[in-house]
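Before any comments, here is the structure.
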Amino acid sequence: MNLIQKLSLLGAAAKYDICAASGCSSGGSSGMPSPGSGVCHSFLPDGRCISLFKVLQTNSCQKDCFYCPNRVQRDIPRASFSPDELAGLFLEFYRRNYVEGLFLSSGICKSPADTMEQIIKTAEILRYRYSFKGYIHLKIIPGSQPEYIEQAVRLASRVSVNIEAPTAAHLQKLSKLKDFNDDIINRMKWINRLQKGGLLPAGQTTQFMVGAAGESDAAILKTTSGLYQGIGLKRVYFSAFQPVTGTPLEGMSPATVLREHRLYQCDFLFRLYGFKLTDISFNSDGNLPEDLDPKLNYALNNLQLFPLEVNRASYRELLKVPGIGPASARRIVSARKQFKFNTLDELRNTGVVVKRAAPFVQVNGRYRESYKLVQQLELWRDSFDYSSQRQPRVLSQGSHALTSV
C-alpha cells in the first residue's frame, strides 16, 4: 500500500479509540488525502475545539478481543506505518493547518514491546528531529514493560491504557489473553507514579467498551469512581458497543447511544460537581434510567434537601440543584457578597437554567409554588426521551409536589 491507502485504512480503524471526538472534518487538497482521513475533533475543557491526527501505527494485532474489528482471527486487510512514514505524514497535515496534535494508537503486532518501540520511535522523531512541541496522545499497550511506559510518559502530553471492562470477570468475557490487574491496572498505577514527577501535563485517561460484557452501569461507575480516587485519572471515556461482523459478538444487540450519554453525565457529576457514587440512583438491574437525567434523578430521590435557599446554600449544595452548573454556582456565591437574590430573573442572569432549577430553590424565602403539575411536566420534556410512553408519577413532600417520568 502507498501512504494514502494506509492512511485511509488505519485512520478509519482508529475510530474505536475515543478522545472526545465529534466527527471528521471534510475537504481536501491536491496531492493530499482528505483531511477527514484520520482527523478528528476534540473539545478542550475551556470549550475550544482542536483537530487531532488520529491513526493506528498498525491494525495487525495478536490479541483476541471479541468485539474488536482488528482481532487476530479476522481476515481483513492489514497495514503498518513505519515511524518515519507516520511522523512525516503527520507533519504534512500539521504544516497545512489540518491538525494541531497527534492521537496515536495501535494494534499489538508481534508483542507489546515491539509495538511500543514503534510508537515511541514515531514520537521521538516528532519531538527530536522535527522539534514538534505540540500535543501528543500515546496509547499504552496493555502489558507494556516499565521502561517503555516511562519513555512514552516523557514524550507525550497525555497517555492512556484502555480498561474496556469494569472487572476482571467482565474482561474475561471480552478477551482470554488480557490480564485485568497486571496488564491494565498495574500499568495505570505506574503511569500515575511517573506523572507525579511533573511529567504528562494532560494526564492519563482510559476507555470502557459499554455493553459488550453484560456489565451494569453501576459496575462501570464504581470502577470509574475508583480510578479517579485511587489512580488520579484525568478522564474516563465510554464507547457504546456496536457489533462488528466477523467477531464472536456480531450477534449481540448494540448498546444505545443514550446509555453512553447517561454515563458521560455521571462522569461529569463525579469530576465537576462533587457527586459521589452513592449519590447516583440506579434501576433494580443496576443500570441508569435512560429516560431521566442522573442529576434530576438525584434531586427527585432526595426531596428532603430541597428547596434550597440560594442566598445561603454553599457552592457544593448549589451544584446539586438541576439547572445550576459550576460557572453559575460560582457567580451566585460571588454575587451574594454584594446583594441578595430576590427574583428568578436575577438568578437567570448568572447563567442558571431557571425552568429546571425553579422547583428546587427558594429565592429570598420565596418558592415558586405557582408551578402546576402540568407545567412541571413540560419543564422536563426537553430532558427526556418520551418514546417509552411512560406515565408521569407524582412525588410529594409536604406542600410541594414534583412530577417525574
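Going by the C-alpha cells order, chains are called A, B, ..., each with residues numbered from 1, while ligands are numbered from 1 in the order shown.
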
Just the residues within 9 Å of A:Leu296, please, counting only C-alpha atoms, with nothing from its chain fewer than 2 positions along; format it as a PDB file with all heavy atoms, in the first residue's frame.
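part.pdb written:
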```
ATOM      1  N   LEU A 292     -34.148   9.539  32.229  1.00  0.00           N
ATOM      2  CA  LEU A 292     -34.067  10.509  33.312  1.00  0.00           C
ATOM      3  C   LEU A 292     -32.628  10.973  33.501  1.00  0.00           C
ATOM      4  O   LEU A 292     -31.722  10.165  33.697  1.00  0.00           O
ATOM      5  CB  LEU A 292     -34.583   9.870  34.611  1.00  0.00           C
ATOM      6  CG  LEU A 292     -34.941  10.790  35.765  1.00  0.00           C
ATOM      7  CD1 LEU A 292     -36.042  11.757  35.364  1.00  0.00           C
ATOM      8  CD2 LEU A 292     -35.372   9.982  36.971  1.00  0.00           C
ATOM      9  N   ASP A 293     -32.420  12.271  33.434  1.00  0.00           N
ATOM     10  CA  ASP A 293     -31.101  12.846  33.678  1.00  0.00           C
ATOM     11  C   ASP A 293     -30.641  12.471  35.094  1.00  0.00           C
ATOM     12  O   ASP A 293     -31.403  12.604  36.051  1.00  0.00           O
ATOM     13  CB  ASP A 293     -31.205  14.372  33.537  1.00  0.00           C
ATOM     14  CG  ASP A 293     -29.912  15.067  33.862  1.00  0.00           C
ATOM     15  OD1 ASP A 293     -29.621  15.231  35.062  1.00  0.00           O
ATOM     16  OD2 ASP A 293     -29.185  15.442  32.938  1.00  0.00           O
ATOM     17  N   PRO A 294     -29.402  11.970  35.261  1.00  0.00           N
ATOM     18  CA  PRO A 294     -28.975  11.493  36.588  1.00  0.00           C
ATOM     19  C   PRO A 294     -28.955  12.581  37.668  1.00  0.00           C
ATOM     20  O   PRO A 294     -29.168  12.286  38.841  1.00  0.00           O
ATOM     21  CB  PRO A 294     -27.569  10.927  36.339  1.00  0.00           C
ATOM     22  CG  PRO A 294     -27.143  11.466  35.019  1.00  0.00           C
ATOM     23  CD  PRO A 294     -28.383  11.700  34.231  1.00  0.00           C
ATOM     24  N   TYR A 298     -31.234  12.412  41.009  1.00  0.00           N
ATOM     25  CA  TYR A 298     -30.744  12.621  42.375  1.00  0.00           C
ATOM     26  C   TYR A 298     -31.680  13.547  43.140  1.00  0.00           C
ATOM     27  O   TYR A 298     -32.045  13.269  44.294  1.00  0.00           O
ATOM     28  CB  TYR A 298     -29.339  13.224  42.340  1.00  0.00           C
ATOM     29  CG  TYR A 298     -28.881  13.750  43.684  1.00  0.00           C
ATOM     30  CD1 TYR A 298     -28.311  12.893  44.622  1.00  0.00           C
ATOM     31  CD2 TYR A 298     -29.042  15.097  44.022  1.00  0.00           C
ATOM     32  CE1 TYR A 298     -27.918  13.366  45.867  1.00  0.00           C
ATOM     33  CE2 TYR A 298     -28.641  15.569  45.261  1.00  0.00           C
ATOM     34  CZ  TYR A 298     -28.084  14.707  46.180  1.00  0.00           C
ATOM     35  OH  TYR A 298     -27.712  15.171  47.412  1.00  0.00           O
ATOM     36  N   ALA A 299     -32.077  14.659  42.516  1.00  0.00           N
ATOM     37  CA  ALA A 299     -32.944  15.619  43.192  1.00  0.00           C
ATOM     38  C   ALA A 299     -34.289  15.000  43.543  1.00  0.00           C
ATOM     39  O   ALA A 299     -34.813  15.195  44.652  1.00  0.00           O
ATOM     40  CB  ALA A 299     -33.134  16.850  42.309  1.00  0.00           C
ATOM     41  N   LEU A 300     -34.859  14.237  42.618  1.00  0.00           N
ATOM     42  CA  LEU A 300     -36.160  13.627  42.860  1.00  0.00           C
ATOM     43  C   LEU A 300     -36.101  12.548  43.936  1.00  0.00           C
ATOM     44  O   LEU A 300     -37.103  12.265  44.598  1.00  0.00           O
ATOM     45  CB  LEU A 300     -36.707  13.030  41.567  1.00  0.00           C
ATOM     46  CG  LEU A 300     -37.082  14.035  40.475  1.00  0.00           C
ATOM     47  CD1 LEU A 300     -37.465  13.315  39.201  1.00  0.00           C
ATOM     48  CD2 LEU A 300     -38.202  14.948  40.941  1.00  0.00           C
ATOM     49  N   ASN A 301     -34.934  11.944  44.119  1.00  0.00           N
ATOM     50  CA  ASN A 301     -34.773  10.928  45.151  1.00  0.00           C
ATOM     51  C   ASN A 301     -34.284  11.502  46.474  1.00  0.00           C
ATOM     52  O   ASN A 301     -34.090  10.747  47.440  1.00  0.00           O
ATOM     53  CB  ASN A 301     -33.804   9.837  44.675  1.00  0.00           C
ATOM     54  CG  ASN A 301     -34.465   8.843  43.743  1.00  0.00           C
ATOM     55  OD1 ASN A 301     -35.159   7.931  44.182  1.00  0.00           O
ATOM     56  ND2 ASN A 301     -34.272   9.045  42.448  1.00  0.00           N
ATOM     57  N   LYS A 320     -25.810  20.667  43.428  1.00  0.00           N
ATOM     58  CA  LYS A 320     -26.753  19.549  43.443  1.00  0.00           C
ATOM     59  C   LYS A 320     -28.108  19.938  42.846  1.00  0.00           C
ATOM     60  O   LYS A 320     -28.981  19.081  42.679  1.00  0.00           O
ATOM     61  CB  LYS A 320     -26.950  19.051  44.880  1.00  0.00           C
ATOM     62  CG  LYS A 320     -25.688  18.487  45.541  1.00  0.00           C
ATOM     63  CD  LYS A 320     -25.218  17.236  44.848  1.00  0.00           C
ATOM     64  CE  LYS A 320     -23.934  16.672  45.465  1.00  0.00           C
ATOM     65  NZ  LYS A 320     -24.125  16.067  46.779  1.00  0.00           N
ATOM     66  N   VAL A 321     -28.301  21.216  42.522  1.00  0.00           N
ATOM     67  CA  VAL A 321     -29.582  21.686  42.006  1.00  0.00           C
ATOM     68  C   VAL A 321     -29.620  21.537  40.490  1.00  0.00           C
ATOM     69  O   VAL A 321     -28.724  22.027  39.793  1.00  0.00           O
ATOM     70  CB  VAL A 321     -29.806  23.169  42.380  1.00  0.00           C
ATOM     71  CG1 VAL A 321     -31.135  23.676  41.794  1.00  0.00           C
ATOM     72  CG2 VAL A 321     -29.790  23.344  43.886  1.00  0.00           C
ATOM     73  N   PRO A 322     -30.633  20.861  39.925  1.00  0.00           N
ATOM     74  CA  PRO A 322     -30.763  20.823  38.464  1.00  0.00           C
ATOM     75  C   PRO A 322     -30.796  22.232  37.883  1.00  0.00           C
ATOM     76  O   PRO A 322     -31.440  23.130  38.435  1.00  0.00           O
ATOM     77  CB  PRO A 322     -32.116  20.106  38.261  1.00  0.00           C
ATOM     78  CG  PRO A 322     -32.283  19.268  39.479  1.00  0.00           C
ATOM     79  CD  PRO A 322     -31.686  20.069  40.601  1.00  0.00           C
ATOM     80  N   GLY A 323     -30.085  22.423  36.794  1.00  0.00           N
ATOM     81  CA  GLY A 323     -30.066  23.734  36.154  1.00  0.00           C
ATOM     82  C   GLY A 323     -28.976  24.660  36.636  1.00  0.00           C
ATOM     83  O   GLY A 323     -28.803  25.751  36.091  1.00  0.00           O
ATOM     84  N   ARG A 356     -35.409  24.664  34.975  1.00  0.00           N
ATOM     85  CA  ARG A 356     -35.050  23.410  35.631  1.00  0.00           C
ATOM     86  C   ARG A 356     -34.814  23.600  37.121  1.00  0.00           C
ATOM     87  O   ARG A 356     -35.122  22.718  37.927  1.00  0.00           O
ATOM     88  CB  ARG A 356     -33.791  22.825  34.981  1.00  0.00           C
ATOM     89  CG  ARG A 356     -33.982  22.428  33.537  1.00  0.00           C
ATOM     90  CD  ARG A 356     -32.720  21.833  32.946  1.00  0.00           C
ATOM     91  NE  ARG A 356     -32.897  21.522  31.535  1.00  0.00           N
ATOM     92  CZ  ARG A 356     -31.939  21.070  30.751  1.00  0.00           C
ATOM     93  NH1 ARG A 356     -30.717  20.898  31.226  1.00  0.00           N
ATOM     94  NH2 ARG A 356     -32.179  20.808  29.483  1.00  0.00           N
ATOM     95  N   SER A 404     -42.159  13.446  37.849  1.00  0.00           N
ATOM     96  CA  SER A 404     -41.041  12.820  37.145  1.00  0.00           C
ATOM     97  C   SER A 404     -41.621  11.881  36.129  1.00  0.00           C
ATOM     98  O   SER A 404     -42.827  11.641  36.081  1.00  0.00           O
ATOM     99  CB  SER A 404     -40.132  12.076  38.112  1.00  0.00           C
ATOM    100  OG  SER A 404     -40.774  10.927  38.580  1.00  0.00           O
TER     101      SER A 404
END
```

Helix (DSSP H, G or I) call set, DSSP backbone run, stretch 152-397 of chain A, as an NGL selection string: :A and (152-155 or 168-172 or 180-195 or 217-230 or 257-272 or 277-279 or 294-300 or 303-305 or 315-318 or 326-335 or 344-348 or 354-360 or 373-383 or 386-388)

Set the distance at 10 Å and use only C-alpha atoms: which residues neighbour A:Leu7 once local chain neighbours fewer than 3 positions away are removed? I'd like the list as a VMD selection string. chain A and resid 1 to 4 10 to 13 33 37 to 38 54 to 57 79 to 81 86 89

A:Ile163 environment, 6 Å, only C-alpha atoms, sequence neighbours closer than 2 positions dropped, as a list of chain:residue names: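 Listing them by chain and then by number gives A:Ala165, A:Gln207, A:Phe208.
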
Would you please work out which residue, of A:Ile140, A:Leu126, A:Leu200, A:Ala335, is nearest to A:Arg187 when using only C-alpha atoms? A:Ile140

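Minimum atom-to-atom distance to A:Thr122, evaluated using only C-alpha atoms, belongs to A:Ala87 out of A:Tyr148, A:Ala87, A:Phe241, A:Asp17.
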
Exercise: A:Ala218 partners within 10 Å, only C-alpha atoms, chain neighbours under 5 positions left out, as a PyMOL selection string: chain A and resi 166+223-224+263+277+280-283+285-288

So that I have them on file, write out the residues from the current selection with all heavy atoms, as an mmCIF file, in the first residue's frame.
```
data_model
loop_
_atom_site.group_PDB
_atom_site.id
_atom_site.type_symbol
_atom_site.label_atom_id
_atom_site.label_comp_id
_atom_site.auth_asym_id
_atom_site.auth_seq_id
_atom_site.Cartn_x
_atom_site.Cartn_y
_atom_site.Cartn_z
ATOM 1 N N PRO A 166 -15.249 -3.252 33.553
ATOM 2 C CA PRO A 166 -15.089 -2.771 34.928
ATOM 3 C C PRO A 166 -14.416 -3.738 35.891
ATOM 4 O O PRO A 166 -13.923 -3.326 36.936
ATOM 5 C CB PRO A 166 -16.531 -2.480 35.372
ATOM 6 C CG PRO A 166 -17.378 -3.376 34.536
ATOM 7 C CD PRO A 166 -16.667 -3.477 33.215
ATOM 8 N N THR A 223 -16.117 1.351 39.164
ATOM 9 C CA THR A 223 -14.715 1.317 38.735
ATOM 10 C C THR A 223 -14.241 2.708 38.331
ATOM 11 O O THR A 223 -13.120 3.108 38.649
ATOM 12 C CB THR A 223 -14.531 0.328 37.580
ATOM 13 O OG1 THR A 223 -14.931 -0.972 38.007
ATOM 14 C CG2 THR A 223 -13.081 0.273 37.121
ATOM 15 N N THR A 224 -15.098 3.464 37.634
ATOM 16 C CA THR A 224 -14.758 4.827 37.246
ATOM 17 C C THR A 224 -14.414 5.678 38.465
ATOM 18 O O THR A 224 -13.390 6.370 38.498
ATOM 19 C CB THR A 224 -15.927 5.469 36.481
ATOM 20 O OG1 THR A 224 -16.150 4.754 35.271
ATOM 21 C CG2 THR A 224 -15.642 6.931 36.150
ATOM 22 N N LEU A 263 -23.922 7.769 31.038
ATOM 23 C CA LEU A 263 -22.650 7.514 31.724
ATOM 24 C C LEU A 263 -21.758 8.745 31.689
ATOM 25 O O LEU A 263 -21.102 9.084 32.684
ATOM 26 C CB LEU A 263 -21.942 6.317 31.088
ATOM 27 C CG LEU A 263 -22.565 4.946 31.374
ATOM 28 C CD1 LEU A 263 -21.973 3.880 30.461
ATOM 29 C CD2 LEU A 263 -22.351 4.559 32.834
ATOM 30 N N LEU A 277 -20.364 8.212 44.194
ATOM 31 C CA LEU A 277 -21.087 7.069 43.646
ATOM 32 C C LEU A 277 -22.409 6.864 44.386
ATOM 33 O O LEU A 277 -23.423 6.507 43.779
ATOM 34 C CB LEU A 277 -20.221 5.812 43.728
ATOM 35 C CG LEU A 277 -20.820 4.531 43.139
ATOM 36 C CD1 LEU A 277 -21.038 4.677 41.636
ATOM 37 C CD2 LEU A 277 -19.917 3.343 43.431
ATOM 38 N N ILE A 280 -25.623 8.544 43.056
ATOM 39 C CA ILE A 280 -26.213 8.119 41.789
ATOM 40 C C ILE A 280 -27.274 7.048 42.053
ATOM 41 O O ILE A 280 -27.032 6.085 42.784
ATOM 42 C CB ILE A 280 -25.134 7.562 40.838
ATOM 43 C CG1 ILE A 280 -23.993 8.578 40.667
ATOM 44 C CG2 ILE A 280 -25.751 7.205 39.490
ATOM 45 C CD1 ILE A 280 -24.407 9.897 40.075
ATOM 46 N N SER A 281 -28.445 7.218 41.449
ATOM 47 C CA SER A 281 -29.546 6.254 41.606
ATOM 48 C C SER A 281 -29.629 5.358 40.373
ATOM 49 O O SER A 281 -29.575 5.845 39.241
ATOM 50 C CB SER A 281 -30.874 6.990 41.800
ATOM 51 O OG SER A 281 -30.850 7.765 42.985
ATOM 52 N N PHE A 282 -29.775 4.057 40.625
ATOM 53 C CA PHE A 282 -29.846 3.075 39.547
ATOM 54 C C PHE A 282 -31.183 2.353 39.588
ATOM 55 O O PHE A 282 -31.855 2.285 40.621
ATOM 56 C CB PHE A 282 -28.715 2.044 39.674
ATOM 57 C CG PHE A 282 -27.340 2.626 39.636
ATOM 58 C CD1 PHE A 282 -26.667 2.944 40.814
ATOM 59 C CD2 PHE A 282 -26.706 2.868 38.430
ATOM 60 C CE1 PHE A 282 -25.394 3.489 40.776
ATOM 61 C CE2 PHE A 282 -25.430 3.410 38.384
ATOM 62 C CZ PHE A 282 -24.780 3.720 39.565
ATOM 63 N N ASN A 283 -31.564 1.763 38.463
ATOM 64 C CA ASN A 283 -32.705 0.863 38.427
ATOM 65 C C ASN A 283 -32.368 -0.428 39.159
ATOM 66 O O ASN A 283 -31.213 -0.668 39.542
ATOM 67 C CB ASN A 283 -33.104 0.559 36.981
ATOM 68 C CG ASN A 283 -33.658 1.769 36.263
ATOM 69 O OD1 ASN A 283 -34.262 2.643 36.892
ATOM 70 N ND2 ASN A 283 -33.479 1.822 34.947
ATOM 71 N N ASP A 285 -31.887 -3.272 38.034
ATOM 72 C CA ASP A 285 -30.893 -4.071 37.314
ATOM 73 C C ASP A 285 -29.499 -3.469 37.354
ATOM 74 O O ASP A 285 -28.571 -3.987 36.720
ATOM 75 C CB ASP A 285 -31.321 -4.295 35.862
ATOM 76 C CG ASP A 285 -31.467 -2.988 35.077
ATOM 77 O OD1 ASP A 285 -31.233 -1.902 35.659
ATOM 78 O OD2 ASP A 285 -31.813 -3.053 33.883
ATOM 79 N N GLY A 286 -29.337 -2.373 38.094
ATOM 80 C CA GLY A 286 -28.024 -1.750 38.212
ATOM 81 C C GLY A 286 -27.702 -0.771 37.115
ATOM 82 O O GLY A 286 -26.589 -0.223 37.086
ATOM 83 N N ASN A 287 -28.641 -0.500 36.220
ATOM 84 C CA ASN A 287 -28.412 0.446 35.133
ATOM 85 C C ASN A 287 -29.075 1.788 35.429
ATOM 86 O O ASN A 287 -30.030 1.881 36.215
ATOM 87 C CB ASN A 287 -28.940 -0.112 33.814
ATOM 88 C CG ASN A 287 -28.102 -1.267 33.313
ATOM 89 O OD1 ASN A 287 -26.875 -1.227 33.394
ATOM 90 N ND2 ASN A 287 -28.742 -2.300 32.801
ATOM 91 N N LEU A 288 -28.565 2.828 34.792
ATOM 92 C CA LEU A 288 -29.142 4.158 34.935
ATOM 93 C C LEU A 288 -30.456 4.237 34.175
ATOM 94 O O LEU A 288 -30.581 3.656 33.099
ATOM 95 C CB LEU A 288 -28.173 5.209 34.382
ATOM 96 C CG LEU A 288 -26.835 5.365 35.099
ATOM 97 C CD1 LEU A 288 -25.852 6.125 34.214
ATOM 98 C CD2 LEU A 288 -27.014 6.073 36.432
#
```

Can you tell me which residues surround A:Ser225 at a distance of at most 9 Å, considering only C-alpha atoms, apart from same-chain residues fewer than 5 positions away, and format the answer as number ranges by chain? A: 220, 230, 267, 270, 276-277

Using N, CA, C and O atoms, can you export the residues from the last selection as a short mmCIF file (atom, residue, chain, number, x, y, z; two decimals), in the first residue's frame?
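Saved result, selection.cif, follows:
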```cif
data_model
loop_
_atom_site.label_atom_id
_atom_site.label_comp_id
_atom_site.auth_asym_id
_atom_site.auth_seq_id
_atom_site.Cartn_x
_atom_site.Cartn_y
_atom_site.Cartn_z
N ILE A 220 -19.69 -0.17 36.04
CA ILE A 220 -18.82 0.75 35.31
C ILE A 220 -18.51 1.98 36.15
O ILE A 220 -17.35 2.39 36.27
N GLY A 230 -8.29 6.63 43.17
CA GLY A 230 -7.10 5.86 43.51
C GLY A 230 -5.94 5.99 42.57
O GLY A 230 -4.78 5.81 42.97
N ASP A 267 -20.22 10.90 34.76
CA ASP A 267 -18.79 11.20 34.80
C ASP A 267 -18.56 12.69 35.07
O ASP A 267 -17.70 13.07 35.87
N PHE A 270 -19.21 13.38 38.71
CA PHE A 270 -18.07 13.00 39.53
C PHE A 270 -16.96 14.05 39.48
O PHE A 270 -16.44 14.48 40.51
N LYS A 276 -20.70 11.81 44.49
CA LYS A 276 -20.08 10.53 44.81
C LYS A 276 -20.93 9.41 44.22
O LYS A 276 -22.09 9.62 43.83
N LEU A 277 -20.36 8.21 44.19
CA LEU A 277 -21.09 7.07 43.65
C LEU A 277 -22.41 6.86 44.39
O LEU A 277 -23.42 6.51 43.78
#
```

Name the residues of stretch 43-229 of chain A that come out as strand (DSSP E or B) in a backbone DSSP run; write them as a PyMOL selection string. chain A and resi 43+49-56+58+80+101-105+135-139+158-160+164+204-210

Shell of 7 Å around stretch 133-136 of chain A, only C-alpha atoms, local chain residues under 4 positions omitted, as an MDAnalysis selection string: chainID A and resid 101:103 127 156:158

Would you mind exporting the chosen residues as a PDB file, in the first residue's frame, restricted to all heavy atoms?
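selection37.pdb, written as the output of this step:
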```pdb
ATOM      1  N   GLY A 101      -2.514  18.398  16.682  1.00  0.00           N
ATOM      2  CA  GLY A 101      -1.863  17.423  17.538  1.00  0.00           C
ATOM      3  C   GLY A 101      -2.056  16.019  17.012  1.00  0.00           C
ATOM      4  O   GLY A 101      -2.731  15.788  16.006  1.00  0.00           O
ATOM      5  N   LEU A 102      -1.459  15.051  17.728  1.00  0.00           N
ATOM      6  CA  LEU A 102      -1.456  13.648  17.303  1.00  0.00           C
ATOM      7  C   LEU A 102      -2.097  12.771  18.365  1.00  0.00           C
ATOM      8  O   LEU A 102      -1.809  12.907  19.558  1.00  0.00           O
ATOM      9  CB  LEU A 102      -0.019  13.182  17.066  1.00  0.00           C
ATOM     10  CG  LEU A 102       0.196  11.684  16.778  1.00  0.00           C
ATOM     11  CD1 LEU A 102      -0.444  11.288  15.447  1.00  0.00           C
ATOM     12  CD2 LEU A 102       1.692  11.353  16.778  1.00  0.00           C
ATOM     13  N   PHE A 103      -2.986  11.875  17.938  1.00  0.00           N
ATOM     14  CA  PHE A 103      -3.547  10.823  18.783  1.00  0.00           C
ATOM     15  C   PHE A 103      -3.127   9.502  18.156  1.00  0.00           C
ATOM     16  O   PHE A 103      -3.642   9.109  17.109  1.00  0.00           O
ATOM     17  CB  PHE A 103      -5.067  10.947  18.832  1.00  0.00           C
ATOM     18  CG  PHE A 103      -5.745   9.921  19.706  1.00  0.00           C
ATOM     19  CD1 PHE A 103      -6.125  10.229  21.006  1.00  0.00           C
ATOM     20  CD2 PHE A 103      -6.019   8.643  19.235  1.00  0.00           C
ATOM     21  CE1 PHE A 103      -6.766   9.289  21.808  1.00  0.00           C
ATOM     22  CE2 PHE A 103      -6.648   7.694  20.027  1.00  0.00           C
ATOM     23  CZ  PHE A 103      -7.028   8.022  21.313  1.00  0.00           C
ATOM     24  N   ARG A 127       9.414  14.789  18.208  1.00  0.00           N
ATOM     25  CA  ARG A 127       9.947  15.665  19.247  1.00  0.00           C
ATOM     26  C   ARG A 127      11.379  16.116  18.956  1.00  0.00           C
ATOM     27  O   ARG A 127      11.711  17.296  19.121  1.00  0.00           O
ATOM     28  CB  ARG A 127       9.909  14.953  20.609  1.00  0.00           C
ATOM     29  CG  ARG A 127       8.535  14.677  21.178  1.00  0.00           C
ATOM     30  CD  ARG A 127       7.778  15.939  21.504  1.00  0.00           C
ATOM     31  NE  ARG A 127       6.615  15.680  22.374  1.00  0.00           N
ATOM     32  CZ  ARG A 127       5.512  16.387  22.357  1.00  0.00           C
ATOM     33  NH1 ARG A 127       5.387  17.398  21.497  1.00  0.00           N
ATOM     34  NH2 ARG A 127       4.519  16.108  23.172  1.00  0.00           N
ATOM     35  N   ALA A 156       5.035  12.196  25.731  1.00  0.00           N
ATOM     36  CA  ALA A 156       3.646  12.520  25.432  1.00  0.00           C
ATOM     37  C   ALA A 156       3.102  13.645  26.295  1.00  0.00           C
ATOM     38  O   ALA A 156       3.608  13.929  27.384  1.00  0.00           O
ATOM     39  CB  ALA A 156       2.777  11.282  25.608  1.00  0.00           C
ATOM     40  N   SER A 157       2.048  14.267  25.789  1.00  0.00           N
ATOM     41  CA  SER A 157       1.269  15.209  26.592  1.00  0.00           C
ATOM     42  C   SER A 157       0.246  14.446  27.424  1.00  0.00           C
ATOM     43  O   SER A 157      -0.092  14.852  28.539  1.00  0.00           O
ATOM     44  CB  SER A 157       0.535  16.196  25.683  1.00  0.00           C
ATOM     45  OG  SER A 157       1.392  16.766  24.723  1.00  0.00           O
ATOM     46  N   ARG A 158      -0.274  13.345  26.856  1.00  0.00           N
ATOM     47  CA  ARG A 158      -1.257  12.501  27.532  1.00  0.00           C
ATOM     48  C   ARG A 158      -1.043  11.073  27.083  1.00  0.00           C
ATOM     49  O   ARG A 158      -0.662  10.827  25.937  1.00  0.00           O
ATOM     50  CB  ARG A 158      -2.683  12.953  27.202  1.00  0.00           C
ATOM     51  CG  ARG A 158      -3.783  11.994  27.606  1.00  0.00           C
ATOM     52  CD  ARG A 158      -5.168  12.573  27.387  1.00  0.00           C
ATOM     53  NE  ARG A 158      -5.489  13.546  28.429  1.00  0.00           N
ATOM     54  CZ  ARG A 158      -6.652  14.183  28.514  1.00  0.00           C
ATOM     55  NH1 ARG A 158      -7.578  13.992  27.586  1.00  0.00           N
ATOM     56  NH2 ARG A 158      -6.879  15.040  29.497  1.00  0.00           N
TER      57      ARG A 158
END
```

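Here atom CA of A:Leu303 is placed at a distance of 29.3 Å from atom CA of A:Val257.
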
Counting only C-alpha atoms, the option among A:Pro83, A:Gly365, A:Gly211, A:Gly246 closest to A:Ile120: A:Pro83

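With distances restricted to only C-alpha atoms, A:Ser131 is the closest residue to A:Leu91 from A:Ser328, A:Asn311, A:Ser131, A:Thr205.
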
For A:Val244, the closest of A:Cys61, A:Leu258, A:Cys68, A:Val361 counting only C-alpha atoms is A:Cys68
